[in-house]
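Novice: My structure is stored as protein-v7.csv, with CSV, C-alpha atoms.
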chain,number,residue,atom,x,y,z
A,1,MET,CA,76.7,-91.6,-100.6
A,2,VAL,CA,75.1,-88.3,-99.8
A,3,GLU,CA,76.4,-86.4,-96.8
A,4,ASN,CA,74.0,-84.3,-94.7
A,5,LYS,CA,75.0,-80.8,-93.8
A,6,ASP,CA,73.3,-77.9,-92.1
A,7,VAL,CA,74.7,-75.4,-94.6
A,8,VAL,CA,76.7,-75.8,-97.8
A,9,ILE,CA,78.4,-72.6,-98.9
A,10,VAL,CA,79.3,-72.5,-102.6
A,11,GLY,CA,82.4,-70.3,-103.0
A,12,GLY,CA,85.2,-69.5,-100.5
A,13,GLY,CA,85.7,-65.8,-101.3
A,14,PRO,CA,84.9,-62.9,-99.0
A,15,ALA,CA,81.1,-63.5,-99.0
A,16,GLY,CA,81.4,-67.2,-98.3
A,17,LEU,CA,84.0,-66.8,-95.5
A,18,ALA,CA,82.0,-64.0,-93.8
A,19,ALA,CA,78.8,-66.0,-94.0
A,20,ALA,CA,80.4,-69.2,-92.6
A,21,LEU,CA,81.9,-67.3,-89.6
A,22,GLU,CA,78.7,-65.5,-88.8
A,23,LEU,CA,76.7,-68.8,-89.0
A,24,LYS,CA,79.2,-70.4,-86.6
A,25,HIS,CA,78.9,-67.6,-84.2
A,26,LYS,CA,75.1,-68.0,-84.2
A,27,GLY,CA,75.4,-71.7,-83.3
A,28,ILE,CA,75.3,-73.5,-86.6
A,29,GLU,CA,78.0,-76.1,-86.4
A,30,ASP,CA,77.7,-78.4,-89.5
A,31,ILE,CA,79.0,-76.0,-92.2
A,32,LEU,CA,80.9,-76.8,-95.4
A,33,ILE,CA,82.6,-74.3,-97.7
A,34,VAL,CA,83.3,-75.6,-101.2
A,35,GLU,CA,85.9,-73.6,-103.2
A,36,ARG,CA,87.0,-74.4,-106.7
A,37,GLU,CA,90.5,-72.9,-106.5
A,38,ASP,CA,93.4,-74.3,-104.5
A,39,LYS,CA,93.1,-71.7,-101.7
A,40,LEU,CA,90.4,-69.8,-100.0
A,41,GLY,CA,90.1,-66.1,-100.5
A,42,GLY,CA,88.5,-65.7,-103.9
A,43,ILE,CA,89.6,-62.7,-106.1
A,44,LEU,CA,91.2,-61.0,-103.1
A,45,LYS,CA,94.3,-63.2,-103.5
A,46,GLN,CA,95.4,-61.2,-106.5
A,47,CYS,CA,94.4,-57.8,-105.3
A,48,ILE,CA,97.7,-56.7,-103.7
A,49,HIS,CA,96.8,-53.0,-103.6
A,50,ASP,CA,95.5,-51.5,-100.4
A,51,GLY,CA,92.2,-49.8,-99.6
A,52,PHE,CA,90.3,-52.8,-98.4
A,53,GLY,CA,88.7,-52.9,-94.9
A,54,LEU,CA,88.1,-49.2,-94.2
A,55,THR,CA,84.4,-49.9,-93.5
A,56,ARG,CA,84.6,-53.3,-92.0
A,57,PHE,CA,87.8,-53.1,-89.9
A,58,LYS,CA,88.4,-49.3,-89.8
A,59,GLU,CA,91.9,-49.7,-91.3
A,60,THR,CA,93.3,-50.1,-94.8
A,61,LEU,CA,94.4,-53.6,-95.8
A,62,SER,CA,95.6,-55.3,-99.0
A,63,GLY,CA,93.3,-57.9,-100.6
A,64,PRO,CA,95.3,-60.9,-99.3
A,65,GLU,CA,95.5,-59.3,-95.8
A,66,TYR,CA,91.7,-58.8,-95.8
A,67,ALA,CA,91.1,-62.4,-96.9
A,68,ASP,CA,93.6,-63.7,-94.4
A,69,ARG,CA,91.7,-62.2,-91.4
A,70,PHE,CA,88.7,-64.3,-92.3
A,71,ILE,CA,90.6,-67.4,-93.4
A,72,LYS,CA,92.5,-67.5,-90.0
A,73,LYS,CA,89.2,-67.3,-88.2
A,74,VAL,CA,87.6,-70.0,-90.3
A,75,LYS,CA,90.5,-72.3,-89.4
A,76,LYS,CA,90.4,-71.4,-85.7
A,77,GLU,CA,86.7,-72.1,-85.6
A,78,LYS,CA,87.3,-75.4,-87.3
A,79,ILE,CA,84.8,-74.7,-90.1
A,80,ASP,CA,85.0,-77.5,-92.7
A,81,TYR,CA,86.1,-76.5,-96.2
A,82,ILE,CA,87.3,-78.2,-99.3
A,83,THR,CA,89.4,-76.6,-102.1
A,84,ASP,CA,90.1,-77.7,-105.7
A,85,ALA,CA,86.4,-78.7,-105.7
A,86,THR,CA,84.1,-77.6,-108.5
A,87,VAL,CA,80.4,-77.6,-107.8
A,88,ILE,CA,78.8,-78.9,-110.9
A,89,ASP,CA,75.2,-78.9,-109.8
A,90,VAL,CA,72.8,-77.5,-107.2
A,91,ASN,CA,69.2,-78.5,-107.3
A,92,ASN,CA,66.0,-77.3,-105.7
A,93,GLU,CA,66.2,-80.1,-103.2
A,94,LYS,CA,69.3,-78.4,-101.9
A,95,ILE,CA,71.6,-81.2,-103.0
A,96,VAL,CA,75.0,-79.9,-104.0
A,97,THR,CA,77.2,-82.0,-106.3
A,98,ALA,CA,80.9,-81.3,-106.4
A,99,ALA,CA,83.9,-82.7,-108.4
A,100,THR,CA,86.7,-83.1,-105.9
A,101,ARG,CA,90.2,-84.6,-105.8
A,102,ASP,CA,88.5,-87.6,-104.2
A,103,GLY,CA,85.9,-87.9,-106.9
A,104,LEU,CA,82.2,-86.8,-107.1
A,105,LYS,CA,80.7,-85.8,-103.7
A,106,GLN,CA,77.1,-85.0,-102.9
A,107,TYR,CA,75.8,-83.0,-100.0
A,108,LYS,CA,72.2,-82.6,-98.8
A,109,ALA,CA,71.9,-79.3,-97.0
A,110,LYS,CA,69.2,-77.7,-94.9
A,111,ALA,CA,70.2,-74.5,-96.5
A,112,VAL,CA,72.5,-73.6,-99.5
A,113,VAL,CA,74.4,-70.3,-99.6
A,114,LEU,CA,75.4,-69.1,-103.1
A,115,THR,CA,78.6,-66.9,-102.9
A,116,MET,CA,80.2,-67.7,-106.3
A,117,GLY,CA,81.2,-64.1,-107.0
A,118,CYS,CA,81.3,-62.6,-110.5
A,119,ARG,CA,83.2,-62.7,-113.8
A,120,GLU,CA,84.3,-60.1,-116.3
A,121,ARG,CA,82.6,-59.3,-119.6
A,122,THR,CA,84.7,-60.2,-122.6
A,123,ARG,CA,85.5,-58.6,-125.9
A,124,GLY,CA,82.7,-60.7,-127.4
A,125,ALA,CA,80.1,-59.0,-125.2
A,126,ILE,CA,80.8,-55.6,-126.9
A,127,SER,CA,81.5,-56.8,-130.5
A,128,THR,CA,84.6,-54.6,-131.0
A,129,PRO,CA,85.5,-54.8,-134.7
A,130,GLY,CA,89.0,-55.7,-136.0
A,131,THR,CA,91.4,-58.6,-135.9
A,132,ARG,CA,92.0,-61.0,-133.1
A,133,PRO,CA,95.7,-60.7,-132.2
A,134,ALA,CA,97.5,-61.7,-129.0
A,135,GLY,CA,97.8,-58.9,-126.4
A,136,ILE,CA,94.1,-58.4,-125.5
A,137,TYR,CA,93.3,-59.2,-121.8
A,138,ASN,CA,90.5,-58.8,-119.4
A,139,ALA,CA,91.7,-56.6,-116.6
A,140,GLY,CA,91.4,-59.3,-114.0
A,141,VAL,CA,93.4,-61.7,-116.1
A,142,ALA,CA,96.2,-59.2,-116.5
A,143,GLN,CA,96.1,-58.6,-112.8
A,144,ARG,CA,96.5,-62.3,-112.1
A,145,TYR,CA,99.4,-62.6,-114.5
A,146,ILE,CA,101.3,-59.7,-112.9
A,147,ASN,CA,100.5,-60.2,-109.3
A,148,LEU,CA,100.4,-64.0,-109.0
A,149,THR,CA,102.7,-65.3,-111.7
A,150,ASN,CA,105.1,-62.3,-112.0
A,151,THR,CA,104.4,-62.1,-115.8
A,152,MET,CA,104.4,-58.7,-117.5
A,153,VAL,CA,101.6,-58.5,-120.1
A,154,GLY,CA,102.9,-55.6,-122.3
A,155,LYS,CA,104.8,-52.4,-122.5
A,156,LYS,CA,102.5,-50.0,-124.4
A,157,VAL,CA,98.9,-50.2,-123.2
A,158,VAL,CA,95.4,-48.8,-123.9
A,159,ILE,CA,92.6,-49.6,-121.4
A,160,LEU,CA,89.0,-49.8,-122.6
A,161,GLY,CA,86.5,-49.1,-119.8
A,162,SER,CA,86.9,-47.2,-116.6
A,163,GLY,CA,85.8,-49.9,-114.2
A,164,ASP,CA,87.8,-50.1,-111.0
A,165,ILE,CA,89.9,-53.1,-111.9
A,166,GLY,CA,91.0,-51.4,-115.1
A,167,LEU,CA,91.8,-48.2,-113.2
A,168,ILE,CA,93.9,-50.1,-110.7
A,169,MET,CA,95.7,-52.0,-113.5
A,170,ALA,CA,96.5,-48.6,-115.1
A,171,ARG,CA,98.5,-47.7,-112.0
A,172,ARG,CA,99.9,-51.2,-111.6
A,173,LEU,CA,101.2,-51.4,-115.2
A,174,THR,CA,102.7,-47.9,-114.9
A,175,LEU,CA,104.5,-48.9,-111.7
A,176,GLU,CA,105.9,-51.9,-113.5
A,177,GLY,CA,107.3,-49.7,-116.3
A,178,ALA,CA,104.6,-49.9,-118.9
A,179,LYS,CA,103.3,-46.8,-120.7
A,180,VAL,CA,99.5,-46.5,-120.4
A,181,GLU,CA,98.5,-44.3,-123.4
A,182,ALA,CA,94.9,-43.7,-122.4
A,183,VAL,CA,91.8,-45.1,-120.7
A,184,ILE,CA,88.8,-45.0,-123.0
A,185,GLU,CA,85.2,-44.9,-121.6
A,186,LEU,CA,82.0,-45.1,-123.6
A,187,SER,CA,79.8,-43.4,-121.0
A,188,PRO,CA,80.0,-39.6,-120.4
A,189,TYR,CA,81.1,-40.3,-116.8
A,190,ALA,CA,83.6,-42.6,-115.2
A,191,ASN,CA,82.4,-46.0,-114.0
A,192,GLY,CA,85.1,-46.4,-111.3
A,193,LEU,CA,85.2,-45.0,-107.8
A,194,PRO,CA,86.3,-41.4,-107.6
A,195,ARG,CA,89.3,-42.3,-105.3
A,196,ASN,CA,90.5,-44.7,-108.1
A,197,ILE,CA,90.2,-42.0,-110.7
A,198,GLU,CA,92.4,-39.8,-108.5
A,199,GLN,CA,94.9,-42.3,-107.3
A,200,CYS,CA,95.3,-44.4,-110.4
A,201,LEU,CA,94.9,-42.0,-113.3
A,202,ASN,CA,95.3,-38.4,-112.2
A,203,ASP,CA,98.3,-39.1,-109.9
A,204,TYR,CA,100.1,-40.7,-112.9
A,205,ASN,CA,98.9,-38.3,-115.6
A,206,ILE,CA,97.1,-41.0,-117.5
A,207,PRO,CA,94.4,-39.4,-119.7
A,208,LEU,CA,90.7,-40.5,-119.4
A,209,TYR,CA,88.6,-40.0,-122.5
A,210,LEU,CA,84.9,-40.0,-121.8
A,211,SER,CA,82.3,-40.6,-124.5
A,212,HIS,CA,84.8,-42.5,-126.6
A,213,THR,CA,85.2,-46.1,-127.8
A,214,ILE,CA,87.5,-48.4,-129.8
A,215,THR,CA,86.3,-48.7,-133.3
A,216,ASN,CA,89.1,-50.9,-134.7
A,217,ILE,CA,91.8,-53.3,-133.6
A,218,GLU,CA,94.9,-53.8,-135.7
A,219,GLY,CA,97.5,-56.5,-135.7
A,220,LYS,CA,98.1,-60.0,-136.9
A,221,SER,CA,100.0,-62.2,-134.5
A,222,ARG,CA,100.3,-59.4,-131.8
A,223,LEU,CA,98.3,-56.3,-131.3
A,224,GLU,CA,99.8,-53.3,-133.1
A,225,ALA,CA,97.3,-50.5,-132.7
A,226,VAL,CA,93.7,-49.5,-131.8
A,227,VAL,CA,91.5,-46.8,-133.3
A,228,VAL,CA,89.5,-44.7,-130.9
A,229,SER,CA,86.5,-42.6,-131.9
A,230,LYS,CA,84.2,-40.2,-130.1
A,231,VAL,CA,80.6,-41.1,-129.6
A,232,ASP,CA,77.4,-39.1,-129.2
A,233,GLU,CA,76.5,-38.9,-125.5
A,234,GLN,CA,72.9,-39.6,-126.0
A,235,THR,CA,72.8,-42.2,-128.8
A,236,LYS,CA,76.3,-43.7,-128.2
A,237,LYS,CA,76.8,-43.7,-132.0
A,238,VAL,CA,80.3,-43.1,-133.4
A,239,ILE,CA,80.9,-39.6,-134.7
A,240,PRO,CA,82.6,-39.8,-138.1
A,241,GLY,CA,85.9,-37.9,-138.5
A,242,THR,CA,86.9,-38.2,-134.8
A,243,GLU,CA,89.2,-41.2,-135.2
A,244,LYS,CA,92.6,-41.3,-133.4
A,245,ARG,CA,95.1,-44.2,-133.8
A,246,TYR,CA,97.1,-45.4,-130.8
A,247,GLU,CA,100.0,-47.7,-131.3
A,248,CYS,CA,100.1,-50.3,-128.6
A,249,ASP,CA,101.0,-53.9,-127.9
A,250,THR,CA,98.3,-54.5,-125.2
A,251,LEU,CA,94.6,-53.8,-124.8
A,252,ILE,CA,93.1,-54.2,-121.3
A,253,LEU,CA,89.3,-54.6,-121.1
A,254,SER,CA,87.6,-53.3,-118.1
A,255,ILE,CA,84.0,-53.3,-119.3
A,256,GLY,CA,82.0,-54.6,-116.4
A,257,LEU,CA,81.3,-57.6,-114.2
A,258,ILE,CA,78.5,-60.2,-114.4
A,259,PRO,CA,77.3,-62.3,-111.4
A,260,GLU,CA,78.4,-66.0,-111.8
A,261,ASN,CA,74.9,-67.6,-111.8
A,262,GLU,CA,75.0,-70.7,-113.9
A,263,LEU,CA,74.6,-72.9,-110.8
A,264,SER,CA,71.7,-70.7,-109.6
A,265,LEU,CA,69.9,-71.3,-112.8
A,266,LYS,CA,70.4,-75.1,-112.4
A,267,ALA,CA,68.7,-74.8,-109.1
A,268,GLY,CA,65.7,-73.0,-110.6
A,269,VAL,CA,66.5,-69.6,-109.1
A,270,VAL,CA,64.8,-66.7,-110.8
A,271,LEU,CA,67.3,-64.0,-111.9
A,272,ASP,CA,66.8,-60.2,-112.1
A,273,PRO,CA,67.5,-59.1,-115.7
A,274,ARG,CA,69.0,-55.9,-114.4
A,275,THR,CA,71.5,-57.2,-111.8
A,276,LYS,CA,72.0,-60.6,-113.5
A,277,GLY,CA,71.8,-61.9,-109.9
A,278,ALA,CA,69.0,-63.6,-108.0
A,279,VAL,CA,65.7,-62.1,-107.1
A,280,VAL,CA,65.8,-62.1,-103.3
A,281,ASP,CA,63.7,-61.0,-100.3
A,282,GLU,CA,65.0,-59.2,-97.2
A,283,ASN,CA,66.3,-62.5,-95.9
A,284,TYR,CA,68.5,-62.9,-99.0
A,285,GLN,CA,66.5,-66.0,-99.8
A,286,THR,CA,66.0,-66.6,-103.5
A,287,SER,CA,62.9,-67.8,-105.3
A,288,VAL,CA,63.9,-71.4,-104.2
A,289,GLU,CA,63.1,-71.9,-100.5
A,290,GLY,CA,66.3,-72.6,-98.5
A,291,ILE,CA,68.7,-71.3,-101.1
A,292,PHE,CA,70.2,-67.9,-100.3
A,293,ALA,CA,72.6,-65.6,-102.2
A,294,ALA,CA,75.0,-62.7,-101.2
A,295,GLY,CA,78.0,-60.8,-102.4
A,296,ASN,CA,78.9,-60.3,-106.1
A,297,VAL,CA,76.9,-63.3,-107.2
A,298,LEU,CA,73.8,-61.3,-106.1
A,299,GLN,CA,74.8,-57.8,-107.2
A,300,VAL,CA,78.2,-56.4,-108.1
A,301,HIS,CA,79.6,-54.4,-105.2
A,302,ASP,CA,82.1,-51.5,-105.3
A,303,LEU,CA,83.6,-52.4,-101.9
A,304,VAL,CA,84.5,-55.8,-100.5
A,305,ASP,CA,83.5,-54.5,-97.0
A,306,PHE,CA,79.9,-54.3,-98.3
A,307,VAL,CA,80.2,-57.9,-99.6
A,308,SER,CA,81.2,-59.2,-96.1
A,309,LEU,CA,78.6,-57.2,-94.3
A,310,GLU,CA,75.9,-58.4,-96.7
A,311,ALA,CA,76.9,-62.0,-96.2
A,312,GLU,CA,76.8,-61.5,-92.4
A,313,ARG,CA,73.3,-60.2,-92.6
A,314,LEU,CA,72.4,-63.2,-94.8
A,315,ALA,CA,73.8,-65.6,-92.1
A,316,GLU,CA,71.4,-64.2,-89.5
A,317,HIS,CA,68.4,-65.2,-91.8
A,318,VAL,CA,69.9,-68.6,-92.7
A,319,CYS,CA,70.2,-69.4,-89.0
A,320,GLU,CA,66.5,-68.3,-88.5
A,321,TYR,CA,65.5,-70.5,-91.5
A,322,ILE,CA,67.3,-73.6,-90.1
A,323,ASN,CA,65.9,-73.1,-86.6
A,324,ASP,CA,62.3,-72.3,-87.6
A,325,GLY,CA,62.1,-74.3,-90.8
A,326,LYS,CA,60.5,-71.4,-92.7
A,327,LEU,CA,60.7,-67.7,-93.2
A,328,THR,CA,57.8,-65.2,-93.4
A,329,GLU,CA,56.5,-64.9,-97.0
A,330,SER,CA,57.5,-61.7,-98.8
A,331,SER,CA,54.5,-60.3,-100.8
A,332,ILE,CA,55.6,-56.6,-101.0
A,333,ASN,CA,57.5,-55.8,-104.2
A,334,ILE,CA,60.1,-53.0,-104.5
A,335,GLU,CA,60.1,-51.1,-107.7
A,336,ALA,CA,63.0,-49.2,-109.1
A,337,GLY,CA,62.1,-45.7,-110.3
A,338,GLU,CA,63.1,-44.2,-113.6
A,339,ASN,CA,66.8,-43.3,-112.7
A,340,ILE,CA,67.3,-46.3,-110.3
A,341,ASN,CA,69.0,-49.2,-112.0
A,342,HIS,CA,67.9,-51.9,-109.5
A,343,THR,CA,67.2,-52.6,-105.9
A,344,ILE,CA,68.2,-55.4,-103.5
A,345,PRO,CA,66.0,-56.9,-102.1
A,346,GLN,CA,63.4,-56.9,-104.8
A,347,LYS,CA,60.6,-57.9,-102.3
A,348,ILE,CA,60.0,-57.9,-98.6
A,349,SER,CA,57.6,-59.2,-96.0
A,350,GLY,CA,57.2,-55.9,-94.2
A,351,THR,CA,57.8,-57.6,-90.8
A,352,LYS,CA,61.6,-56.9,-90.5
A,353,ASP,CA,64.1,-54.1,-90.7
A,354,PHE,CA,66.2,-54.4,-93.8
A,355,VAL,CA,69.0,-52.7,-95.7
A,356,LEU,CA,67.9,-51.4,-99.2
A,357,SER,CA,70.8,-51.4,-101.7
A,358,PHE,CA,70.6,-49.8,-105.1
A,359,ARG,CA,72.5,-48.0,-107.9
A,360,VAL,CA,71.6,-44.9,-109.9
A,361,ARG,CA,71.6,-44.9,-113.7
A,362,LYS,CA,73.5,-41.6,-114.0
A,363,PRO,CA,75.3,-39.1,-111.8
A,364,PHE,CA,73.3,-36.8,-109.5
A,365,LYS,CA,74.3,-33.8,-107.4
A,366,GLU,CA,72.4,-32.4,-104.3
A,367,CYS,CA,69.8,-35.1,-104.7
A,368,ARG,CA,67.1,-36.8,-102.6
A,369,VAL,CA,65.9,-40.4,-102.5
A,370,ASP,CA,62.3,-41.0,-101.6
A,371,ILE,CA,61.0,-44.4,-100.6
A,372,MET,CA,57.3,-44.4,-101.6
A,373,GLN,CA,54.4,-46.7,-100.5
A,374,ASP,CA,50.9,-46.4,-101.9
A,375,GLY,CA,51.8,-42.9,-103.2
A,376,GLU,CA,53.1,-41.7,-99.9
A,377,VAL,CA,56.7,-40.9,-98.9
A,378,ILE,CA,57.7,-43.2,-96.0
A,379,LYS,CA,61.4,-42.3,-95.9
A,380,THR,CA,63.6,-39.6,-97.4
A,381,LYS,CA,67.4,-39.4,-97.6
A,382,LYS,CA,69.4,-36.5,-99.0
A,383,TYR,CA,72.9,-36.9,-100.6
A,384,LYS,CA,75.5,-34.5,-101.9
A,385,LYS,CA,76.0,-36.8,-104.8
A,386,ALA,CA,75.0,-40.2,-106.2
A,387,ILE,CA,77.0,-41.9,-108.9
A,388,PRO,CA,76.6,-45.3,-110.7
A,389,ALA,CA,80.0,-46.5,-109.4
A,390,GLU,CA,78.9,-46.3,-105.8
A,391,MET,CA,76.2,-48.4,-104.2
A,392,VAL,CA,73.7,-46.5,-102.1
A,393,GLN,CA,72.4,-48.3,-98.9
A,394,ILE,CA,69.5,-47.2,-96.7
A,395,LYS,CA,68.4,-48.9,-93.6
A,396,ILE,CA,64.6,-49.2,-93.5
A,397,LEU,CA,62.8,-50.1,-90.2
A,398,LYS,CA,59.8,-52.3,-90.1
A,399,ASP,CA,57.8,-49.6,-88.3
A,400,GLU,CA,58.2,-47.4,-91.3
A,401,ILE,CA,56.5,-49.9,-93.6
A,402,LYS,CA,52.8,-50.5,-94.0
A,403,GLN,CA,51.8,-54.2,-94.1
A,404,ASN,CA,50.3,-53.8,-97.6
A,405,GLY,CA,51.3,-51.9,-100.7
A,406,ASP,CA,54.4,-52.1,-102.9
A,407,LEU,CA,57.4,-49.8,-102.4
A,408,LYS,CA,59.0,-47.6,-105.1
A,409,VAL,CA,62.4,-46.0,-104.9
A,410,ILE,CA,62.7,-42.5,-106.6
A,411,ILE,CA,65.7,-40.2,-106.9
A,412,SER,CA,65.5,-36.5,-107.9
A,413,GLU,CA,67.7,-33.4,-107.9
Just give me the structure as structure tokens.
Specialist:
Amino acid sequence: MVENKDVVIVGGGPAGLAAALELKHKGIEDILIVEREDKLGGILKQCIHDGFGLTRFKETLSGPEYADRFIKKVKKEKIDYITDATVIDVNNEKIVTAATRDGLKQYKAKAVVLTMGCRERTRGAISTPGTRPAGIYNAGVAQRYINLTNTMVGKKVVILGSGDIGLIMARRLTLEGAKVEAVIELSPYANGLPRNIEQCLNDYNIPLYLSHTITNIEGKSRLEAVVVSKVDEQTKKVIPGTEKRYECDTLILSIGLIPENELSLKAGVVLDPRTKGAVVDENYQTSVEGIFAAGNVLQVHDLVDFVSLEAERLAEHVCEYINDGKLTESSINIEAGENINHTIPQKISGTKDFVLSFRVRKPFKECRVDIMQDGEVIKTKKYKKAIPAEMVQIKILKDEIKQNGDLKVIISE
């Protein structure tokens, strides 16, 4: 039997929880959150460090504390949710199929909200040469072992990649008594937030080697050493004769995150090859009418506060869609300029205010961002700096946009 719902939210992490609460506050009653783990909260459950909530709550919280604020409200508002339930299919008719403890369940929704989060890139994604011994972990897996199961992963550690989870794990491992030999980064700049470079590496005298990579992994049953080489900044090719061997029993991989969009593809949602998330309009509606996306399944965020705020904006448009039955068609495309990696949204109607989110391809200092339409600058913002690790967000008012003509985002120093 198929159950009817106003909104089915796939994923009970920070985006899903924030969207559910905002929908309820706007008068949508029949909401269901489907979460595959045994508890709500998503990745925040294992993020026991603080630093969450500064933007959203104006105070610093740990990950579990941040999640708990939303979970308590969801329970107080009596919003329906099921856990230990894996969504195995979403189709373009907005039918959601989930494998639950009570068997297969199907839900027909007026609107589906995709908030599945993201996953880590693995060793296979970067084709690191060498053997395949034990002792190689993704940063999030190592974090889960230490923080949730009280299991130490190693004593002598090298970290590949300067993503935020890897930086945070460098500090966490050090505090648990491990020796972090080095953090190795392929790019000529760090990929984590500046505050994490300072608080997780510099405060503990952990060296960060930019424009380096691992060129060999040694060990049979357990990791014994890694070989690190310098690379050319432009070509990323290994420079012969720069090899350095680090003895270690553990290698942590922090080499990027990918939006979890297998279900989106099943529903026929068009993905952006740059973000690996959905192509959306200013309503966060995907290419399939009535299916919306927000949070890390749409674009990888650097702050959970931005995830929650994005999901709350999405909820406003989902409410409009349910009440009106349709949203204004978006025919104005947004193009990313040469040094802009991507934009969210990728298209707009020109009839609403919206928040433009994007990331730069390389670090900039004393720069300006121009929003162009038909060759004219319609908005300019100046920044002291812009780095790939930090998302840039600009609010654009509908009165600033012409009804016709694509937009282009350009950055210059």
Novice: With distances taken over all atoms listed in the file, which residue among A:Arg274, A:Arg123, A:Ala294, A:Leu44 lies nearest Ile217 in chain A?
Specialist: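 Using all atoms listed in the file, the shortest distance to Ile217 in chain A belongs to A:Arg123.
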Novice: Can you pull out the residues contacting Leu298 in chain A? Cut-off 12 Å, using all atoms listed in the file, and skip same-chain residues under 6 positions away; I want them as a count of residues only.
Specialist: 41
Novice: Just the residues within 7 Å of Lys108 in chain A, please, counting all atoms listed in the file, with nothing from its chain fewer than 3 positions along; format it as a list in words.
Specialist: Val2, Glu3, Asn4, Lys5, Lys94, Ile95 and Val96 of chain A
Novice: Using all atoms listed in the file, which of the listed residues (A:Pro129, A:Pro64, A:Gly53, A:Gly27) sits closest to Asn147 in chain A?
Specialist: A:Pro64
Novice: Between CA of Gly42 in chain A and CA of Val297 in chain A, what is the distance in Å, rounded to a tenth?
Specialist: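 Between these atoms lies a distance of 12.3 Å.
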Novice: Just want the 8 Å neighbourhood of Val87 in chain A, counted on only C-alpha atoms, with same-chain residues fewer than 2 positions away dropped. Output as a ChimeraX atom specification.
Specialist: /A:10,34,36,85,89-90,96-99
Novice: Compare A:Gly375, A:Pro14, A:Ile43, A:Arg119 by their minimum atom-to-atom distance to Ile71 in chain A, counting all atoms listed in the file, and give me the closest one.
Specialist: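 Distance minimum relative to Ile71 in chain A lands on A:Pro14.
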